[in-house]
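**Q** Encoded as structure tokens, here's the structure I'll be asking about.
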Amino acid sequence: MFFLRAIHRHPEFRQGMRATAPVAPGLAAWGLMTGVAMVKSGMSVVEAVAMTLFVYAGSSQLAAIPLIVAGAPFWVIWTTGFCVNLRFVVFSLHLRDYLMHLPRWRRLVNGFLTADLSYALFTGRYPEPAQDAEGRLAQEAYLAGNYFLTWAAWNGASLAGVALANWIPSAWGLGFAGVLCLVGVLCSLANTRLRVLAAVIAGTAAVAAYALPLKLNIVVAIAVAVLACFWLEGRRSAPPREKLA
Amino acid sequence: MNGATDAWTLFVIAGLAGVTVLARCFFFILDRPWTLPAWAHRALYYAPVAALAGVVLPEVVMADGALVTTWHDARLFGAAVGAVLYFWRRSVMATLLAGMAVYLPLHLGLGW
């Protein structure tokens, strides 16, 4: 909610932007290549701009492009998008405790704008939801700072990519910057032994199950890794009581 | 097709926008208070790192739906150096810069 004065004037808003700044160039490079990819695949400029601003989810956009071009049924495209986005469902379960005090429209705006990196930075900075009004405002301001810079970097670069599509060769491979960004965030989340193991199992499972339709390999990877870690937790004498994220 | 905007594609895009809102807000759309089962709380501890690994690893080690069978792939070296740099410098920016510094010469120079 960066357009609310109480939020963008809050000192935590600036802190949130500062935390996002190191990853913004990677996001911008990824956004740029997504913009280029949409137009190069045959979408019109109006369609590409609408997708950038309203869908606002890089991986589901990239997954949807070939299906749209192939004329797949709308429900297949939407289902694919939802499966690719399932990790956000997991994030929303976690963010619920931080946002439920807000009116619904503010929850939905905050939720829509909170993508992978903002979620990771926010829950890293605030492992526990605030208990008083002042703390809640500070947390919302920090989150808004995170996603405001993400939003600006992604959309600015993506719209530039749409405009410049004919001059940027895909062969440059700038999209890899986005992958590297996610590699960094992945490493930052893998901060306990069982979490490292969860990442290894999930990565292996996602590769092994890659042939599944609708990007279901990612869902399988999450399920296998979580169940394996539950099982290993149960085998240890004292289950970890560490804080979330 | 290039340049032509059609209503069907805009309809699909509108639906995808709805999908983004639904996924990102899934558990806080309803006002009704409800608590999580214990297993879901435990799953939260592992699921995010698992989801990211599930998205990222295929982007690094697969091409055209199959595991890469050659070492002549710039992504392997870029991602490995990027990960090592993260654990050394604890900075995503270090990962990004070092990874691209390894990736671009291999990719553009050697065509890997």
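Within each chain, counting starts at residue 1; across the structure tokens, chains are named A, B, ... in the order shown, with ligands numbered 1 upward in that order.
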So which residues touch range 51-68 of chain B within 10 Å, counting only C-alpha atoms, skipping near sequence neighbours fewer than 4 positions away, as a ChimeraX atom specification?
**A** /A:59,84-88,90,116,176,178-183,185-187,189-190,196,198-208,210-211,215,217-223,225-226 /B:46-47,72-80
**Q** Kindly save the residues from that selection, with C-alpha atoms included, as a short mmCIF file (atom, residue, chain, number, x, y, z; two decimals), in the first residue's frame.
**A**
```
data_model
loop_
_atom_site.label_atom_id
_atom_site.label_comp_id
_atom_site.auth_asym_id
_atom_site.auth_seq_id
_atom_site.Cartn_x
_atom_site.Cartn_y
_atom_site.Cartn_z
CA SER A 59 7.16 -17.61 -13.89
CA VAL A 84 3.26 -22.54 -11.01
CA ASN A 85 1.97 -20.10 -8.37
CA LEU A 86 1.28 -22.72 -5.69
CA ARG A 87 4.28 -21.57 -3.70
CA PHE A 88 2.40 -18.31 -3.13
CA VAL A 90 2.20 -21.53 0.96
CA ASP A 116 8.94 -14.35 -3.90
CA PHE A 176 19.66 -15.93 -16.46
CA GLY A 178 16.63 -13.71 -12.78
CA VAL A 179 17.57 -17.34 -12.15
CA LEU A 180 20.71 -16.19 -10.31
CA CYS A 181 18.56 -13.91 -8.19
CA LEU A 182 16.46 -16.89 -7.14
CA VAL A 183 19.65 -18.92 -6.47
CA VAL A 185 17.39 -16.17 -2.25
CA LEU A 186 17.32 -19.97 -2.16
CA CYS A 187 20.73 -20.01 -0.44
CA LEU A 189 16.51 -19.62 2.98
CA ALA A 190 18.59 -22.80 3.30
CA VAL A 196 19.33 -27.62 2.99
CA ALA A 198 14.64 -30.02 1.74
CA ALA A 199 16.18 -27.92 -1.05
CA VAL A 200 18.29 -30.83 -2.34
CA ILE A 201 15.34 -33.25 -2.30
CA ALA A 202 12.97 -30.76 -3.92
CA GLY A 203 15.44 -29.81 -6.63
CA THR A 204 16.11 -33.45 -7.47
CA ALA A 205 12.40 -34.32 -7.47
CA ALA A 206 11.55 -31.34 -9.70
CA VAL A 207 14.12 -32.51 -12.24
CA ALA A 208 13.05 -36.16 -12.01
CA TYR A 210 9.92 -32.67 -15.09
CA ALA A 211 7.87 -34.57 -17.66
CA LYS A 215 4.44 -27.78 -14.14
CA ASN A 217 6.78 -31.30 -10.99
CA ILE A 218 7.15 -28.28 -8.68
CA VAL A 219 4.15 -29.39 -6.60
CA VAL A 220 5.53 -32.94 -6.41
CA ALA A 221 8.92 -31.54 -5.39
CA ILE A 222 7.43 -29.54 -2.52
CA ALA A 223 5.35 -32.48 -1.28
CA ALA A 225 10.68 -32.64 0.31
CA VAL A 226 8.25 -31.66 3.08
CA TYR B 46 10.31 -26.42 4.71
CA ALA B 47 7.87 -25.63 1.89
CA HIS B 72 29.58 -27.04 -21.92
CA ASP B 73 26.64 -25.21 -20.38
CA ALA B 74 27.33 -21.76 -18.95
CA ARG B 75 24.35 -21.96 -16.55
CA LEU B 76 25.96 -24.76 -14.52
CA PHE B 77 29.07 -22.71 -13.79
CA GLY B 78 27.21 -19.41 -13.34
CA ALA B 79 24.80 -20.89 -10.78
CA ALA B 80 27.51 -22.84 -8.91
#
```
**Q** Specify as a PDB file with N, CA and C atoms, in the first residue's frame all residues of chain B found within 7 Å of chain A, counting only C-alpha atoms.
**A**
```pdb
ATOM      1  N   MET B   1      -0.309 -12.735 -36.557  1.00  0.00           N
ATOM      2  CA  MET B   1      -0.695 -12.632 -35.150  1.00  0.00           C
ATOM      3  C   MET B   1      -0.011 -11.436 -34.498  1.00  0.00           C
ATOM      4  N   ASN B   2       1.233 -11.148 -34.914  1.00  0.00           N
ATOM      5  CA  ASN B   2       1.964 -10.064 -34.274  1.00  0.00           C
ATOM      6  C   ASN B   2       1.245  -8.722 -34.458  1.00  0.00           C
ATOM      7  N   GLY B   3       1.035  -8.014 -33.341  1.00  0.00           N
ATOM      8  CA  GLY B   3       0.415  -6.702 -33.435  1.00  0.00           C
ATOM      9  C   GLY B   3      -1.079  -6.719 -33.269  1.00  0.00           C
ATOM     10  N   ALA B   4      -1.747  -7.859 -33.489  1.00  0.00           N
ATOM     11  CA  ALA B   4      -3.199  -7.913 -33.365  1.00  0.00           C
ATOM     12  C   ALA B   4      -3.601  -8.282 -31.942  1.00  0.00           C
ATOM     13  N   THR B   5      -4.486  -7.463 -31.361  1.00  0.00           N
ATOM     14  CA  THR B   5      -4.981  -7.749 -30.020  1.00  0.00           C
ATOM     15  C   THR B   5      -6.317  -8.447 -30.148  1.00  0.00           C
ATOM     16  N   LEU B  10      -7.056 -11.375 -24.179  1.00  0.00           N
ATOM     17  CA  LEU B  10      -7.269 -10.471 -23.050  1.00  0.00           C
ATOM     18  C   LEU B  10      -8.078 -11.159 -21.955  1.00  0.00           C
ATOM     19  N   VAL B  12      -8.025 -14.410 -21.310  1.00  0.00           N
ATOM     20  CA  VAL B  12      -7.076 -15.324 -20.655  1.00  0.00           C
ATOM     21  C   VAL B  12      -6.173 -14.550 -19.692  1.00  0.00           C
ATOM     22  N   ILE B  13      -5.725 -13.366 -20.118  1.00  0.00           N
ATOM     23  CA  ILE B  13      -4.846 -12.547 -19.269  1.00  0.00           C
ATOM     24  C   ILE B  13      -5.591 -12.089 -18.021  1.00  0.00           C
ATOM     25  N   GLY B  15      -8.012 -13.634 -16.558  1.00  0.00           N
ATOM     26  CA  GLY B  15      -8.103 -14.808 -15.692  1.00  0.00           C
ATOM     27  C   GLY B  15      -6.792 -15.074 -14.967  1.00  0.00           C
ATOM     28  N   LEU B  16      -5.677 -14.898 -15.672  1.00  0.00           N
ATOM     29  CA  LEU B  16      -4.370 -15.119 -15.050  1.00  0.00           C
ATOM     30  C   LEU B  16      -4.117 -14.091 -13.941  1.00  0.00           C
ATOM     31  N   ALA B  17      -4.614 -12.867 -14.142  1.00  0.00           N
ATOM     32  CA  ALA B  17      -4.492 -11.851 -13.088  1.00  0.00           C
ATOM     33  C   ALA B  17      -5.265 -12.313 -11.858  1.00  0.00           C
ATOM     34  N   VAL B  19      -5.851 -15.377 -11.078  1.00  0.00           N
ATOM     35  CA  VAL B  19      -5.083 -16.502 -10.516  1.00  0.00           C
ATOM     36  C   VAL B  19      -3.966 -15.988  -9.614  1.00  0.00           C
ATOM     37  N   THR B  20      -3.313 -14.908 -10.027  1.00  0.00           N
ATOM     38  CA  THR B  20      -2.244 -14.332  -9.198  1.00  0.00           C
ATOM     39  C   THR B  20      -2.805 -13.880  -7.850  1.00  0.00           C
ATOM     40  N   VAL B  21      -3.944 -13.168  -7.874  1.00  0.00           N
ATOM     41  CA  VAL B  21      -4.557 -12.695  -6.628  1.00  0.00           C
ATOM     42  C   VAL B  21      -4.979 -13.886  -5.768  1.00  0.00           C
ATOM     43  N   ALA B  23      -3.818 -16.980  -5.696  1.00  0.00           N
ATOM     44  CA  ALA B  23      -2.689 -17.719  -5.123  1.00  0.00           C
ATOM     45  C   ALA B  23      -1.993 -16.906  -4.038  1.00  0.00           C
ATOM     46  N   ARG B  24      -1.753 -15.625  -4.309  1.00  0.00           N
ATOM     47  CA  ARG B  24      -0.974 -14.825  -3.360  1.00  0.00           C
ATOM     48  C   ARG B  24      -1.766 -14.491  -2.099  1.00  0.00           C
ATOM     49  N   CYS B  25      -3.103 -14.499  -2.198  1.00  0.00           N
ATOM     50  CA  CYS B  25      -3.944 -14.114  -1.050  1.00  0.00           C
ATOM     51  C   CYS B  25      -4.702 -15.307  -0.489  1.00  0.00           C
ATOM     52  N   PHE B  26      -4.414 -16.505  -0.965  1.00  0.00           N
ATOM     53  CA  PHE B  26      -5.248 -17.679  -0.734  1.00  0.00           C
ATOM     54  C   PHE B  26      -5.799 -17.775   0.685  1.00  0.00           C
ATOM     55  N   PHE B  27      -4.960 -17.676   1.681  1.00  0.00           N
ATOM     56  CA  PHE B  27      -5.386 -17.909   3.062  1.00  0.00           C
ATOM     57  C   PHE B  27      -5.844 -16.657   3.790  1.00  0.00           C
ATOM     58  N   PHE B  28      -5.841 -15.505   3.118  1.00  0.00           N
ATOM     59  CA  PHE B  28      -6.385 -14.337   3.825  1.00  0.00           C
ATOM     60  C   PHE B  28      -7.442 -13.595   3.013  1.00  0.00           C
ATOM     61  N   ILE B  29      -8.087 -14.301   2.086  1.00  0.00           N
ATOM     62  CA  ILE B  29      -9.214 -13.702   1.369  1.00  0.00           C
ATOM     63  C   ILE B  29     -10.429 -13.630   2.293  1.00  0.00           C
ATOM     64  N   ALA B  43       4.916 -27.731   7.955  1.00  0.00           N
ATOM     65  CA  ALA B  43       5.213 -27.708   6.518  1.00  0.00           C
ATOM     66  C   ALA B  43       5.763 -26.336   6.092  1.00  0.00           C
ATOM     67  N   LEU B  44       5.268 -25.287   6.744  1.00  0.00           N
ATOM     68  CA  LEU B  44       5.726 -23.938   6.406  1.00  0.00           C
ATOM     69  C   LEU B  44       7.229 -23.781   6.587  1.00  0.00           C
ATOM     70  N   TYR B  45       7.778 -24.582   7.470  1.00  0.00           N
ATOM     71  CA  TYR B  45       9.183 -24.466   7.777  1.00  0.00           C
ATOM     72  C   TYR B  45      10.047 -24.930   6.595  1.00  0.00           C
ATOM     73  N   TYR B  46       9.524 -25.868   5.820  1.00  0.00           N
ATOM     74  CA  TYR B  46      10.309 -26.424   4.710  1.00  0.00           C
ATOM     75  C   TYR B  46       9.785 -26.043   3.327  1.00  0.00           C
ATOM     76  N   ALA B  47       8.477 -25.774   3.219  1.00  0.00           N
ATOM     77  CA  ALA B  47       7.865 -25.628   1.892  1.00  0.00           C
ATOM     78  C   ALA B  47       8.462 -24.485   1.054  1.00  0.00           C
ATOM     79  N   PRO B  48       8.705 -23.293   1.627  1.00  0.00           N
ATOM     80  CA  PRO B  48       9.226 -22.225   0.763  1.00  0.00           C
ATOM     81  C   PRO B  48      10.582 -22.556   0.135  1.00  0.00           C
ATOM     82  N   VAL B  49      11.499 -23.090   0.928  1.00  0.00           N
ATOM     83  CA  VAL B  49      12.814 -23.413   0.369  1.00  0.00           C
ATOM     84  C   VAL B  49      12.675 -24.542  -0.655  1.00  0.00           C
ATOM     85  N   ALA B  50      11.748 -25.480  -0.401  1.00  0.00           N
ATOM     86  CA  ALA B  50      11.510 -26.568  -1.360  1.00  0.00           C
ATOM     87  C   ALA B  50      10.938 -26.028  -2.664  1.00  0.00           C
ATOM     88  N   ALA B  51       9.987 -25.082  -2.565  1.00  0.00           N
ATOM     89  CA  ALA B  51       9.369 -24.531  -3.769  1.00  0.00           C
ATOM     90  C   ALA B  51      10.399 -23.800  -4.624  1.00  0.00           C
ATOM     91  N   LEU B  52      11.240 -22.993  -3.982  1.00  0.00           N
ATOM     92  CA  LEU B  52      12.246 -22.263  -4.757  1.00  0.00           C
ATOM     93  C   LEU B  52      13.239 -23.220  -5.411  1.00  0.00           C
ATOM     94  N   ALA B  53      13.668 -24.252  -4.661  1.00  0.00           N
ATOM     95  CA  ALA B  53      14.596 -25.224  -5.244  1.00  0.00           C
ATOM     96  C   ALA B  53      13.936 -25.933  -6.422  1.00  0.00           C
ATOM     97  N   GLY B  54      12.643 -26.238  -6.278  1.00  0.00           N
ATOM     98  CA  GLY B  54      11.920 -26.906  -7.352  1.00  0.00           C
ATOM     99  C   GLY B  54      11.811 -26.058  -8.606  1.00  0.00           C
ATOM    100  N   VAL B  55      11.712 -24.739  -8.428  1.00  0.00           N
ATOM    101  CA  VAL B  55      11.647 -23.842  -9.585  1.00  0.00           C
ATOM    102  C   VAL B  55      13.043 -23.636 -10.176  1.00  0.00           C
ATOM    103  N   VAL B  56      14.032 -23.449  -9.307  1.00  0.00           N
ATOM    104  CA  VAL B  56      15.357 -23.010  -9.773  1.00  0.00           C
ATOM    105  C   VAL B  56      16.167 -24.136 -10.413  1.00  0.00           C
ATOM    106  N   LEU B  57      16.213 -25.306  -9.780  1.00  0.00           N
ATOM    107  CA  LEU B  57      17.135 -26.343 -10.279  1.00  0.00           C
ATOM    108  C   LEU B  57      16.866 -26.740 -11.736  1.00  0.00           C
ATOM    109  N   PRO B  58      15.588 -26.990 -12.118  1.00  0.00           N
ATOM    110  CA  PRO B  58      15.359 -27.301 -13.534  1.00  0.00           C
ATOM    111  C   PRO B  58      15.801 -26.168 -14.470  1.00  0.00           C
ATOM    112  N   GLY B  65      13.534 -29.819 -21.798  1.00  0.00           N
ATOM    113  CA  GLY B  65      12.845 -30.895 -21.093  1.00  0.00           C
ATOM    114  C   GLY B  65      13.708 -32.079 -20.709  1.00  0.00           C
ATOM    115  N   ALA B  79      25.593 -20.633 -11.990  1.00  0.00           N
ATOM    116  CA  ALA B  79      24.801 -20.886 -10.777  1.00  0.00           C
ATOM    117  C   ALA B  79      25.680 -21.402  -9.641  1.00  0.00           C
ATOM    118  N   GLY B  82      27.684 -18.572  -8.311  1.00  0.00           N
ATOM    119  CA  GLY B  82      26.753 -17.686  -7.607  1.00  0.00           C
ATOM    120  C   GLY B  82      26.412 -18.214  -6.226  1.00  0.00           C
ATOM    121  N   ALA B  83      26.151 -19.515  -6.112  1.00  0.00           N
ATOM    122  CA  ALA B  83      25.805 -20.109  -4.817  1.00  0.00           C
ATOM    123  C   ALA B  83      26.981 -20.034  -3.845  1.00  0.00           C
ATOM    124  N   TYR B  86      27.319 -16.629  -2.537  1.00  0.00           N
ATOM    125  CA  TYR B  86      26.334 -16.264  -1.503  1.00  0.00           C
ATOM    126  C   TYR B  86      26.844 -16.686  -0.130  1.00  0.00           C
ATOM    127  N   VAL B  92      22.917 -11.388  -2.021  1.00  0.00           N
ATOM    128  CA  VAL B  92      22.310 -11.821  -3.276  1.00  0.00           C
ATOM    129  C   VAL B  92      22.942 -11.072  -4.451  1.00  0.00           C
ATOM    130  N   MET B  93      23.352  -9.823  -4.199  1.00  0.00           N
ATOM    131  CA  MET B  93      23.996  -9.037  -5.263  1.00  0.00           C
ATOM    132  C   MET B  93      25.325  -9.672  -5.676  1.00  0.00           C
ATOM    133  N   THR B  95      26.001 -12.844  -5.503  1.00  0.00           N
ATOM    134  CA  THR B  95      25.597 -14.004  -6.297  1.00  0.00           C
ATOM    135  C   THR B  95      25.330 -13.597  -7.739  1.00  0.00           C
ATOM    136  N   LEU B  96      24.578 -12.516  -7.880  1.00  0.00           N
ATOM    137  CA  LEU B  96      24.168 -12.048  -9.201  1.00  0.00           C
ATOM    138  C   LEU B  96      25.380 -11.620 -10.031  1.00  0.00           C
ATOM    139  N   GLY B  99      27.864 -14.583 -10.653  1.00  0.00           N
ATOM    140  CA  GLY B  99      27.234 -15.546 -11.553  1.00  0.00           C
ATOM    141  C   GLY B  99      27.218 -15.046 -12.989  1.00  0.00           C
ATOM    142  N   MET B 100      26.841 -13.775 -13.182  1.00  0.00           N
ATOM    143  CA  MET B 100      26.810 -13.216 -14.541  1.00  0.00           C
ATOM    144  C   MET B 100      28.224 -13.061 -15.091  1.00  0.00           C
ATOM    145  N   LEU B 108      28.462 -16.048 -24.216  1.00  0.00           N
ATOM    146  CA  LEU B 108      28.638 -15.235 -25.430  1.00  0.00           C
ATOM    147  C   LEU B 108      29.968 -15.526 -26.117  1.00  0.00           C
TER     148      LEU B 108
END
```
**Q** Kindly give the distance, in Å, that separates CA of Gly124 in chain A and CA of Ala28 in chain A, rounded to a single decimal.
**A**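 Value for the CA of Gly124 in chain A-CA of Ala28 in chain A distance: 22.2 Å.
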**Q** Using the chain letters and numbers from this document, which residues of chain B does DSSP assign to strand (DSSP E or B), as an MDAnalysis selection string?
**A** chainID B and resid 62:63 66:67
**Q** Let's have the selection written as a JSON list (two decimals), in the first residue's frame, with N, CA and C atoms.
**A**
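Okay, this is what ended up in selection_34.json:
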```
[["chain", "number", "residue", "atom", "x", "y", "z"],
["B", 62, "MET", "N", 18.46, -28.20, -16.81],
["B", 62, "MET", "CA", 17.68, -28.83, -17.88],
["B", 62, "MET", "C", 17.60, -27.92, -19.10],
["B", 63, "ALA", "N", 17.53, -28.57, -20.26],
["B", 63, "ALA", "CA", 17.35, -27.85, -21.52],
["B", 63, "ALA", "C", 16.40, -28.66, -22.38],
["B", 66, "ALA", "N", 15.04, -32.00, -20.90],
["B", 66, "ALA", "CA", 15.91, -33.11, -20.52],
["B", 66, "ALA", "C", 17.11, -32.59, -19.75],
["B", 67, "LEU", "N", 17.66, -33.44, -18.89],
["B", 67, "LEU", "CA", 18.87, -33.09, -18.15],
["B", 67, "LEU", "C", 19.99, -32.81, -19.14]]
```
